[in-house]
$ cat model-v5.pdb   # PDB, C-alpha atoms
MODEL        1
ATOM      1  CA  MET A   1    -151.130 -13.714 -78.348
ATOM      2  CA  THR A   2    -148.259 -11.751 -79.873
ATOM      3  CA  PRO A   3    -147.975 -12.299 -83.637
ATOM      4  CA  THR A   4    -144.751 -13.631 -85.117
ATOM      5  CA  VAL A   5    -143.592 -12.187 -88.439
ATOM      6  CA  LEU A   6    -140.858 -13.722 -90.572
ATOM      7  CA  VAL A   7    -138.864 -11.106 -92.507
ATOM      8  CA  VAL A   8    -137.113 -12.579 -95.560
ATOM      9  CA  GLU A   9    -134.725  -9.912 -96.881
ATOM     10  CA  ASP A  10    -131.216 -10.225 -98.325
ATOM     11  CA  ASP A  11    -130.104  -6.659 -97.509
ATOM     12  CA  ASP A  12    -128.697  -6.729 -93.952
ATOM     13  CA  ALA A  13    -129.501  -3.087 -93.160
ATOM     14  CA  ILE A  14    -133.085  -3.281 -94.428
ATOM     15  CA  ARG A  15    -133.637  -6.577 -92.608
ATOM     16  CA  GLU A  16    -132.358  -5.118 -89.316
ATOM     17  CA  VAL A  17    -134.336  -1.862 -89.575
ATOM     18  CA  THR A  18    -137.484  -3.776 -90.513
ATOM     19  CA  ALA A  19    -137.115  -6.184 -87.590
ATOM     20  CA  LEU A  20    -136.498  -3.304 -85.195
ATOM     21  CA  ALA A  21    -139.570  -1.446 -86.464
ATOM     22  CA  LEU A  22    -141.855  -4.471 -86.138
ATOM     23  CA  GLU A  23    -140.575  -5.219 -82.641
ATOM     24  CA  SER A  24    -140.550  -1.668 -81.283
ATOM     25  CA  VAL A  25    -143.591  -0.142 -83.011
ATOM     26  CA  ALA A  26    -145.978  -3.121 -82.911
ATOM     27  CA  GLY A  27    -144.407  -5.313 -80.245
ATOM     28  CA  TRP A  28    -144.401  -8.297 -82.581
ATOM     29  CA  ARG A  29    -142.017 -11.223 -82.354
ATOM     30  CA  VAL A  30    -139.733 -11.173 -85.411
ATOM     31  CA  LEU A  31    -137.780 -13.934 -87.105
ATOM     32  CA  THR A  32    -135.377 -13.043 -89.901
ATOM     33  CA  ALA A  33    -133.881 -14.875 -92.859
ATOM     34  CA  PRO A  34    -131.133 -13.503 -95.145
ATOM     35  CA  HIS A  35    -132.325 -15.274 -98.322
ATOM     36  CA  GLY A  36    -135.177 -17.286 -99.772
ATOM     37  CA  SER A  37    -133.896 -20.764 -98.906
ATOM     38  CA  ALA A  38    -133.403 -19.785 -95.270
ATOM     39  CA  GLY A  39    -136.857 -18.200 -95.280
ATOM     40  CA  LEU A  40    -138.440 -21.456 -96.438
ATOM     41  CA  GLU A  41    -136.714 -23.382 -93.655
ATOM     42  CA  MET A  42    -137.714 -20.812 -91.024
ATOM     43  CA  ALA A  43    -141.328 -20.874 -92.230
ATOM     44  CA  ARG A  44    -141.459 -24.680 -92.045
ATOM     45  CA  HIS A  45    -139.908 -24.883 -88.584
ATOM     46  CA  HIS A  46    -141.527 -21.883 -86.875
ATOM     47  CA  THR A  47    -144.868 -21.393 -88.704
ATOM     48  CA  PRO A  48    -145.001 -17.588 -88.359
ATOM     49  CA  ASP A  49    -148.299 -15.714 -88.379
ATOM     50  CA  ALA A  50    -147.199 -13.740 -91.460
ATOM     51  CA  ILE A  51    -144.236 -13.428 -93.812
ATOM     52  CA  LEU A  52    -142.802 -10.180 -95.158
ATOM     53  CA  LEU A  53    -141.021 -11.328 -98.316
ATOM     54  CA  ASP A  54    -138.551  -9.381-100.448
ATOM     55  CA  MET A  55    -139.088  -9.726-104.195
ATOM     56  CA  MET A  56    -135.505  -9.578-105.442
ATOM     57  CA  MET A  57    -133.041 -11.912-103.728
ATOM     58  CA  PRO A  58    -130.001 -13.771-105.062
ATOM     59  CA  ASP A  59    -130.807 -17.449-104.451
ATOM     60  CA  LEU A  60    -134.582 -17.565-104.926
ATOM     61  CA  HIS A  61    -136.650 -14.533-105.811
ATOM     62  CA  GLY A  62    -139.732 -13.757-103.775
ATOM     63  CA  LEU A  63    -142.233 -15.355-106.131
ATOM     64  CA  GLU A  64    -140.239 -18.606-106.205
ATOM     65  CA  VAL A  65    -140.289 -18.621-102.414
ATOM     66  CA  PHE A  66    -144.030 -17.885-102.445
ATOM     67  CA  GLU A  67    -144.707 -20.755-104.878
ATOM     68  CA  ARG A  68    -142.793 -23.167-102.637
ATOM     69  CA  LEU A  69    -144.643 -21.927 -99.556
ATOM     70  CA  GLN A  70    -147.953 -22.498-101.359
ATOM     71  CA  ALA A  71    -146.918 -26.022-102.412
ATOM     72  CA  ASP A  72    -146.106 -27.065 -98.831
ATOM     73  CA  ALA A  73    -149.055 -28.097 -96.642
ATOM     74  CA  ALA A  74    -147.210 -26.799 -93.569
ATOM     75  CA  THR A  75    -146.830 -23.246 -94.951
ATOM     76  CA  LYS A  76    -149.548 -22.731 -97.573
ATOM     77  CA  ASP A  77    -151.900 -20.892 -95.211
ATOM     78  CA  ILE A  78    -149.358 -18.366 -93.886
ATOM     79  CA  PRO A  79    -150.240 -14.844 -95.106
ATOM     80  CA  VAL A  80    -147.479 -13.426 -97.317
ATOM     81  CA  VAL A  81    -146.883  -9.745 -98.043
ATOM     82  CA  LEU A  82    -144.412  -9.055-100.841
ATOM     83  CA  VAL A  83    -142.009  -6.109-100.562
ATOM     84  CA  THR A  84    -140.584  -4.696-103.788
ATOM     85  CA  ALA A  85    -138.908  -1.704-105.372
ATOM     86  CA  LEU A  86    -140.585  -2.650-108.674
ATOM     87  CA  MET A  87    -144.030  -1.245-107.873
ATOM     88  CA  ASN A  88    -144.676   1.250-110.625
ATOM     89  CA  VAL A  89    -142.500   0.437-113.606
ATOM     90  CA  PRO A  90    -144.182   2.180-116.559
ATOM     91  CA  GLY A  91    -145.271  -0.064-119.417
ATOM     92  CA  THR A  92    -144.870  -3.313-117.499
ATOM     93  CA  ARG A  93    -147.269  -5.689-115.838
ATOM     94  CA  PRO A  94    -146.387  -6.583-112.250
ATOM     95  CA  ALA A  95    -144.707 -10.001-112.058
ATOM     96  CA  TRP A  96    -146.830 -10.819-109.009
ATOM     97  CA  GLU A  97    -150.135 -10.214-110.783
ATOM     98  CA  GLY A  98    -152.328 -13.282-110.375
ATOM     99  CA  TYR A  99    -150.506 -14.574-107.290
ATOM    100  CA  PRO A 100    -152.731 -14.941-104.200
ATOM    101  CA  LEU A 101    -150.550 -12.711-102.037
ATOM    102  CA  HIS A 102    -152.080 -10.913 -99.079
ATOM    103  CA  GLY A 103    -150.520  -7.673-100.267
ATOM    104  CA  VAL A 104    -147.617  -5.829-101.840
ATOM    105  CA  ILE A 105    -145.676  -3.012-100.156
ATOM    106  CA  ALA A 106    -143.457  -0.628-102.108
ATOM    107  CA  LYS A 107    -139.816  -0.064-101.220
ATOM    108  CA  PRO A 108    -138.631   2.181 -99.828
ATOM    109  CA  TYR A 109    -141.183   2.103 -97.042
ATOM    110  CA  ASP A 110    -141.525   4.086 -93.847
ATOM    111  CA  PRO A 111    -140.559   1.812 -90.925
ATOM    112  CA  LEU A 112    -142.956   3.741 -88.673
ATOM    113  CA  THR A 113    -146.008   2.941 -90.826
ATOM    114  CA  LEU A 114    -144.927  -0.535 -91.960
ATOM    115  CA  CYS A 115    -146.773  -2.291 -89.124
ATOM    116  CA  ASP A 116    -150.048  -0.617 -90.095
ATOM    117  CA  GLN A 117    -149.558  -1.655 -93.715
ATOM    118  CA  ILE A 118    -148.934  -5.262 -92.704
ATOM    119  CA  ARG A 119    -151.957  -5.238 -90.365
ATOM    120  CA  GLU A 120    -154.149  -3.953 -93.178
ATOM    121  CA  HIS A 121    -152.927  -6.549 -95.683
ATOM    122  CA  VAL A 122    -153.263  -9.567 -93.390
ATOM    123  CA  GLY A 123    -156.440  -8.415 -91.635
ATOM    124  CA  TRP A 124    -155.090  -7.938 -88.111
ATOM    125  CA  SER A 125    -156.818  -5.312 -85.971
TER     126      SER A 125
ENDMDL
END
$ encode --input "model-v5.pdb" --output "structure tokens"
Amino acid sequence: MTPTVLVVEDDDAIREVTALALESVAGWRVLTAPHGSAGLEMARHHTPDAILLDMMMPDLHGLEVFERLQADAATKDIPVVLVTALMNVPGTRPAWEGYPLHGVIAKPYDPLTLCDQIREHVGWS
């Protein structure tokens, strides 16, 4: 069965390039959402196999979306990989520390290796 990945990203260009990479490199089915609220609705209605979730978005940031996914019986078991440009900020503790995410990927990322990173984080072979 072909996995379905939901990409929740507010930047149109990044969302499009990411979707194209996941479709063309891995052959996965991709759903996209332009902000956190839309991502929550898509996750509830489509139950993707994994979610690639941007950290910084205007309506709900990634961790708010993650908390809501975890609180919903229909979405709590979907693996979530956070994507952020805030990976190595000196002198700060990552905001996502302590969250049961399946992984965190640094932006910018290489679209050609993104599929392998997602596979590794969610345990797909």
$ closest_residue --input "model-v5.pdb" --among "A:Ser24, A:Leu6, A:Thr18, A:Asp59" --to "A:His45" --atoms "all atoms listed in the file"
A:Leu6
$ resolve_selection --input "model-v5.pdb" --expression "the PyMOL selection byres ((chain A and resi 103) around 12)" --output "short mmCIF file (atom, residue, chain, number, x, y, z; two decimals) with C-alpha atoms, in the frame of the given file"
data_model
loop_
_atom_site.label_atom_id
_atom_site.label_comp_id
_atom_site.auth_asym_id
_atom_site.auth_seq_id
_atom_site.Cartn_x
_atom_site.Cartn_y
_atom_site.Cartn_z
CA ALA A 50 -147.20 -13.74 -91.46
CA ILE A 51 -144.24 -13.43 -93.81
CA LEU A 52 -142.80 -10.18 -95.16
CA LEU A 53 -141.02 -11.33 -98.32
CA PRO A 79 -150.24 -14.84 -95.11
CA VAL A 80 -147.48 -13.43 -97.32
CA VAL A 81 -146.88 -9.74 -98.04
CA LEU A 82 -144.41 -9.06 -100.84
CA VAL A 83 -142.01 -6.11 -100.56
CA THR A 84 -140.58 -4.70 -103.79
CA MET A 87 -144.03 -1.25 -107.87
CA TRP A 96 -146.83 -10.82 -109.01
CA GLU A 97 -150.14 -10.21 -110.78
CA GLY A 98 -152.33 -13.28 -110.38
CA TYR A 99 -150.51 -14.57 -107.29
CA PRO A 100 -152.73 -14.94 -104.20
CA LEU A 101 -150.55 -12.71 -102.04
CA HIS A 102 -152.08 -10.91 -99.08
CA VAL A 104 -147.62 -5.83 -101.84
CA ILE A 105 -145.68 -3.01 -100.16
CA ALA A 106 -143.46 -0.63 -102.11
CA GLN A 117 -149.56 -1.66 -93.72
CA ILE A 118 -148.93 -5.26 -92.70
CA ARG A 119 -151.96 -5.24 -90.36
CA GLU A 120 -154.15 -3.95 -93.18
CA HIS A 121 -152.93 -6.55 -95.68
CA VAL A 122 -153.26 -9.57 -93.39
CA GLY A 123 -156.44 -8.41 -91.64
#
$ resolve_selection --input "model-v5.pdb" --expression "the PyMOL selection byres ((chain A and resi 70) around 12)" --output "NGL selection string"
:A and (40 or 43-44 or 63-69 or 71-80 or 99-101)
$ atom_distance --input "model-v5.pdb" --atom1 "atom CA of A:Asp12" --atom2 "atom CA of A:Arg29"
18.2 Å
$ atom_distance --input "model-v5.pdb" --atom1 "atom CA of A:Ile14" --atom2 "atom CA of A:Gly27"
18.3 Å
$ axis_aligned_box --input "model-v5.pdb" --around "stretch 32-43 of chain A" --padding-each-side "5 Å" --output "JSON"
{"center_x": -136.2, "center_y": -18.2, "center_z": -94.8, "size_x": 20.2, "size_y": 20.3, "size_z": 19.9}
$ resolve_selection --input "model-v5.pdb" --expression "the PyMOL selection byres ((chain A and resi 36) around 8)" --output "JSON, numbers by chain"
{"A": [8, 9, 33, 34, 35, 37, 38, 39, 40, 57, 59, 60, 61, 62, 65]}
$ atom_distance --input "model-v5.pdb" --atom1 "atom CA of A:Asp110" --atom2 "atom CA of A:Thr47"
26.2 Å
